[in-house]
Amino acid sequence: MADESHLYISIDTGGSQTKIIYQFQNWKQPSYLLMPPGVEQISTDQLQRYQETLGWVGHPTAEQQAWLEWEDSIYVVGEFASKFAPQDRIKERKYENALYKVLAAIGVILENHKVVSKKKLNIYLALVFPWNEYNDRNRFSEQLELMFKSFKFRGESRKLNLSHFLCRPEGGGLAAIRIKQEGLAWLQSKKIAVLMFGHRNVTLIYLEKGALKYGDSPLLGFSLMLDEVCSRVSGLEREQLASAIFQGIYEAECDIYTGYRTLHPEWIKLKSIKALVTANNPKLRESELRDIAKSIEVTTLNYWETIKKWLDKNLPTLPDEVIIGGGAATFIEPELEKYFNCSTSSSYRDTKGKRPPQYKWENSKLPHSDMFWATDIEKQIEQIFNLHYRHKEQYLLQRLIDSFGMFDQLKDTVAEITNAKKEKSA
């Protein structure tokens, strides 16, 4: 109908970023949107005072000033939340904050694409929750439907309808796209683990012969490691350090991917780590740099010991394949290779500077898991969204995979339902 619009949207409300993939019904390809993770509840008076302070200066976009109204309060989301003394919410349960992030993402998309407010918008939503918070999905969807009825974004009301809601545990999107690649027969003949290394959580999903056996998603994400480094070195901030680490990994790729074994970079030699130093005196700069590099090295060992204990507890025997995702996975790639008894085949020496396309057993006397890093899916995402392969985009690809897999599953699910209805009415 002309007075209706249909929006397919997949959202991963991660601790470091909200990753959004969306597509209107008449589009040939999806698009993506990234928003900072902040959410703050403020009063209408606070918002009014802020806007009066700005006066006539500038004309901020919906992404820069995302806010919505609900029950006599204002919720500022993303970049705008940073203007109102935001709290660190990384240890809070996801579902309540996810409500405001989803609503803000929809509001930004509608404003960016100039969808008229009089149009009724049918929303087809896919979402991932941590395994340990997966039971919150029904509470989330019920509350979202209620909030859709009085949706108001940046002072403008919209007519929203939740046409379909698909929710899976974190890693579910990556698992779905891998199963789609290999088929059900493959799934039903294997022991498969999905490991997601995020900013807030690490998540394990374990499947045996097609059946989901168990899962876990403790608060052992990359922020835990970052916070320990920051506690050892004064003046460092979590996001600043994370950016420097991943830029450094990209900078040192040829030293990391040796063609035989994956290594950690020599942090002290990297430009991005040197840029964290604040002292002016040359000797103090050298000392500060040594402290930062040493803190990263020591904290990496501590962090891996925590992850290893968790893996030992939840994976008493190694699966046939482990599917690995999440932006933080690359940071502990050397340890993961050793844990799953993998080394690079010598026939792939020409892959120096790149992740190996396949592995061999490091020790044939020990159990072994094939490691799947979804590099082919990354290439697909890179092509669809026209991303250039620089360090920021490289790790963005990894962070988008789960949401991309959920988006693909959402489109397939809605198509199946639509076709079934057509066949029934024929």
# chains A, B, ... in the order shown; residues from 1 in each chain; ligands from 1
>>> residues_around(residues="region 179-188 of chain A", least_positions_apart="4", cutoff="12 Å", atoms="only C-alpha atoms", output="PDB file with C-alpha atoms, in the first residue's frame")
ATOM      1  CA  GLY A 172      23.236 -16.935  16.364  1.00  0.00           C
ATOM      2  CA  GLY A 173      23.643 -14.837  13.227  1.00  0.00           C
ATOM      3  CA  LEU A 174      27.124 -16.188  12.571  1.00  0.00           C
ATOM      4  CA  ALA A 175      25.947 -19.750  13.211  1.00  0.00           C
ATOM      5  CA  ILE A 192      30.023 -27.283  16.552  1.00  0.00           C
ATOM      6  CA  ALA A 193      30.951 -24.444  18.893  1.00  0.00           C
ATOM      7  CA  VAL A 194      30.304 -20.768  18.200  1.00  0.00           C
ATOM      8  CA  TYR A 206      27.572 -25.507  21.610  1.00  0.00           C
ATOM      9  CA  LEU A 207      25.656 -27.742  19.177  1.00  0.00           C
ATOM     10  CA  GLU A 208      25.938 -31.502  18.853  1.00  0.00           C
ATOM     11  CA  LYS A 209      24.444 -33.311  15.845  1.00  0.00           C
ATOM     12  CA  GLY A 210      22.207 -30.333  15.178  1.00  0.00           C
ATOM     13  CA  ALA A 211      20.897 -30.016  18.741  1.00  0.00           C
ATOM     14  CA  LEU A 212      21.715 -27.040  20.947  1.00  0.00           C
ATOM     15  CA  PRO A 319      34.327 -29.726  18.914  1.00  0.00           C
ATOM     16  CA  ASP A 320      34.885 -30.648  15.270  1.00  0.00           C
ATOM     17  CA  GLU A 321      34.665 -26.976  14.299  1.00  0.00           C
ATOM     18  CA  ILE A 323      33.177 -20.715  14.515  1.00  0.00           C
ATOM     19  CA  ALA A 374      34.214 -16.288   8.344  1.00  0.00           C
ATOM     20  CA  ASP A 376      34.415 -15.172   3.042  1.00  0.00           C
ATOM     21  CA  ILE A 377      31.459 -13.574   4.837  1.00  0.00           C
ATOM     22  CA  GLY A 405      23.881 -13.159   9.649  1.00  0.00           C
ATOM     23  CA  MET A 406      20.764 -12.220  11.602  1.00  0.00           C
ATOM     24  CA  ASP A 408      20.073 -12.666   6.259  1.00  0.00           C
ATOM     25  CA  GLN A 409      18.094 -15.037   8.471  1.00  0.00           C
ATOM     26  CA  ASP A 412      14.723 -15.694   4.676  1.00  0.00           C
TER      27      ASP A 412
END
>>> atom_distance(atom1="CA of Ile324 (chain A)", atom2="CA of Leu336 (chain A)")
9.6 Å
>>> closest_atom_pairs(of="region 174-223 of chain A", to="region 132-153 of chain A", cutoff="9 Å", atoms="only C-alpha atoms", output="CSV")
residue,atom,partner,partner_atom,distance
A:Gly215,CA,A:Asn132,CA,8.0
A:Asp216,CA,A:Asn132,CA,6.1
A:Ser217,CA,A:Asn132,CA,5.7
A:Pro218,CA,A:Asn132,CA,7.4
>>> write_last_selection(atoms="N, CA and C atoms", output="short mmCIF file (atom, residue, chain, number, x, y, z; two decimals), in the first residue's frame")
data_model
loop_
_atom_site.label_atom_id
_atom_site.label_comp_id
_atom_site.auth_asym_id
_atom_site.auth_seq_id
_atom_site.Cartn_x
_atom_site.Cartn_y
_atom_site.Cartn_z
N GLY A 215 24.85 -23.13 26.39
CA GLY A 215 25.50 -21.88 26.04
C GLY A 215 25.86 -21.11 27.30
N ASP A 216 26.67 -20.08 27.12
CA ASP A 216 27.06 -19.24 28.24
C ASP A 216 27.55 -17.90 27.69
N SER A 217 27.35 -16.82 28.46
CA SER A 217 27.80 -15.51 28.00
C SER A 217 28.14 -14.61 29.19
N PRO A 218 29.21 -14.93 29.91
CA PRO A 218 29.60 -14.11 31.07
C PRO A 218 30.17 -12.76 30.65
#
>>> atom_distance(atom1="CA of Ala81 (chain A)", atom2="CA of Leu7 (chain A)")
25.6 Å
>>> select_by_dssp(residues="region 133-162 of chain A", states="strand (DSSP E)", output="PyMOL selection string")
chain A and resi 152-153+156-157+159-162
>>> residues_around(residues="Leu289 (chain A)", least_positions_apart="6", cutoff="7 Å", atoms="only C-alpha atoms", output="short mmCIF file (atom, residue, chain, number, x, y, z; two decimals) with C-alpha atoms, in the first residue's frame")
data_model
loop_
_atom_site.label_atom_id
_atom_site.label_comp_id
_atom_site.auth_asym_id
_atom_site.auth_seq_id
_atom_site.Cartn_x
_atom_site.Cartn_y
_atom_site.Cartn_z
CA ILE A 268 56.61 -1.17 22.17
CA LYS A 274 53.72 5.28 21.05
CA VAL A 277 52.49 8.42 25.58
#
>>> closest_residue(among="A:Lys101, A:His164, A:Tyr257, A:Lys352", to="Ile417 (chain A)", atoms="only C-alpha atoms")
A:His164
>>> residues_around(residues="Ala105 (chain A)", least_positions_apart="3", cutoff="9 Å", atoms="only C-alpha atoms", output="NGL selection string")
:A and (11 or 18 or 20 or 33-35 or 63 or 66 or 77 or 100-102 or 108-110)
>>> closest_residue(among="A:Leu160, A:Gly259, A:Glu333, A:Ala293", to="Lys271 (chain A)", atoms="only C-alpha atoms")
A:Ala293
>>> closest_residue(among="A:Lys283, A:Arg238, A:Lys118, A:Lys308", to="Glu156 (chain A)", atoms="only C-alpha atoms")
A:Lys118
>>> atom_distance(atom1="CA of Tyr339 (chain A)", atom2="CA of Gly14 (chain A)")
26.1 Å
>>> residues_around(residues="Glu239 (chain A)", least_positions_apart="5", cutoff="12 Å", atoms="only C-alpha atoms", output="number ranges by chain")
A: 15-17, 36-37, 199, 222-223, 225-227, 229-230, 244-246, 276
>>> write_last_selection(atoms="N, CA and C atoms", output="short mmCIF file (atom, residue, chain, number, x, y, z; two decimals), in the first residue's frame")
data_model
loop_
_atom_site.label_atom_id
_atom_site.label_comp_id
_atom_site.auth_asym_id
_atom_site.auth_seq_id
_atom_site.Cartn_x
_atom_site.Cartn_y
_atom_site.Cartn_z
N GLY A 15 28.42 -3.49 23.50
CA GLY A 15 28.91 -2.60 24.53
C GLY A 15 29.80 -1.49 24.01
N SER A 16 30.39 -1.67 22.83
CA SER A 16 31.26 -0.63 22.28
C SER A 16 30.56 0.17 21.19
N GLN A 17 29.55 -0.43 20.56
CA GLN A 17 28.87 0.21 19.43
C GLN A 17 27.56 -0.51 19.17
N PRO A 36 27.18 5.14 18.75
CA PRO A 36 27.79 4.89 20.06
C PRO A 36 26.77 4.24 21.00
N PRO A 37 27.23 3.53 22.04
CA PRO A 37 26.33 2.71 22.85
C PRO A 37 25.58 3.45 23.95
N HIS A 199 32.84 -6.74 23.29
CA HIS A 199 33.36 -5.72 24.21
C HIS A 199 32.84 -5.96 25.63
N PHE A 222 36.15 -7.84 26.10
CA PHE A 222 37.44 -7.17 25.93
C PHE A 222 37.59 -5.97 26.87
N SER A 223 36.48 -5.39 27.30
CA SER A 223 36.55 -4.25 28.22
C SER A 223 37.22 -4.63 29.54
N MET A 225 39.80 -6.64 29.89
CA MET A 225 41.23 -6.52 29.66
C MET A 225 41.65 -5.05 29.58
N LEU A 226 40.87 -4.25 28.87
CA LEU A 226 41.20 -2.83 28.72
C LEU A 226 41.22 -2.12 30.07
N ASP A 227 40.25 -2.43 30.92
CA ASP A 227 40.18 -1.78 32.23
C ASP A 227 41.38 -2.14 33.09
N VAL A 229 44.45 -2.82 32.00
CA VAL A 229 45.59 -2.03 31.50
C VAL A 229 45.48 -0.59 31.99
N CYS A 230 44.28 -0.03 31.88
CA CYS A 230 44.08 1.37 32.30
C CYS A 230 44.34 1.55 33.80
N ALA A 244 43.97 2.09 19.81
CA ALA A 244 45.41 1.96 19.58
C ALA A 244 45.81 0.50 19.41
N ILE A 245 45.21 -0.40 20.18
CA ILE A 245 45.55 -1.82 20.08
C ILE A 245 45.18 -2.38 18.71
N PHE A 246 43.96 -2.10 18.25
CA PHE A 246 43.55 -2.68 16.97
C PHE A 246 44.23 -2.00 15.79
N LEU A 276 50.14 6.90 22.52
CA LEU A 276 49.46 6.96 23.81
C LEU A 276 50.29 7.68 24.87
#
>>> residues_around(residues="Thr300 (chain A)", least_positions_apart="4", cutoff="10 Å", atoms="only C-alpha atoms", output="PyMOL selection string")
chain A and resi 225-226+228-229+264+294-296+304-306+331-332+335
>>> write_last_selection(atoms="N, CA and C atoms", output="short mmCIF file (atom, residue, chain, number, x, y, z; two decimals), in the first residue's frame")
data_model
loop_
_atom_site.label_atom_id
_atom_site.label_comp_id
_atom_site.auth_asym_id
_atom_site.auth_seq_id
_atom_site.Cartn_x
_atom_site.Cartn_y
_atom_site.Cartn_z
N MET A 225 39.80 -6.64 29.89
CA MET A 225 41.23 -6.52 29.66
C MET A 225 41.65 -5.05 29.58
N LEU A 226 40.87 -4.25 28.87
CA LEU A 226 41.20 -2.83 28.72
C LEU A 226 41.22 -2.12 30.07
N GLU A 228 41.87 -3.36 32.98
CA GLU A 228 43.05 -3.74 33.77
C GLU A 228 44.29 -2.97 33.31
N VAL A 229 44.45 -2.82 32.00
CA VAL A 229 45.59 -2.03 31.50
C VAL A 229 45.48 -0.59 31.99
N HIS A 264 51.63 -12.30 18.72
CA HIS A 264 51.27 -10.96 19.14
C HIS A 264 52.29 -9.96 18.60
N LYS A 294 54.45 -3.13 28.51
CA LYS A 294 54.53 -4.22 29.49
C LYS A 294 53.16 -4.51 30.09
N SER A 295 52.37 -3.48 30.35
CA SER A 295 51.03 -3.66 30.92
C SER A 295 50.14 -4.44 29.95
N ILE A 296 50.23 -4.14 28.66
CA ILE A 296 49.44 -4.89 27.67
C ILE A 296 49.86 -6.34 27.65
N TRP A 304 43.84 -13.97 29.11
CA TRP A 304 43.72 -15.27 28.48
C TRP A 304 43.51 -16.37 29.51
N GLU A 305 44.17 -16.28 30.66
CA GLU A 305 43.96 -17.28 31.70
C GLU A 305 42.49 -17.33 32.13
N THR A 306 41.87 -16.16 32.21
CA THR A 306 40.44 -16.09 32.56
C THR A 306 39.59 -16.75 31.48
N PHE A 331 42.44 -10.21 18.94
CA PHE A 331 43.42 -9.87 19.96
C PHE A 331 44.02 -11.12 20.60
N ILE A 332 43.20 -12.17 20.80
CA ILE A 332 43.72 -13.39 21.42
C ILE A 332 43.82 -14.53 20.40
N GLU A 335 46.50 -17.27 21.14
CA GLU A 335 46.11 -18.19 22.20
C GLU A 335 45.02 -19.15 21.73
#
>>> closest_residue(among="A:Phe24, A:Tyr260, A:Phe404, A:Trp67", to="Cys342 (chain A)", atoms="only C-alpha atoms")
A:Tyr260
>>> closest_residue(among="A:His368, A:Lys19, A:Lys313, A:Lys213", to="Leu400 (chain A)", atoms="only C-alpha atoms")
A:Lys19
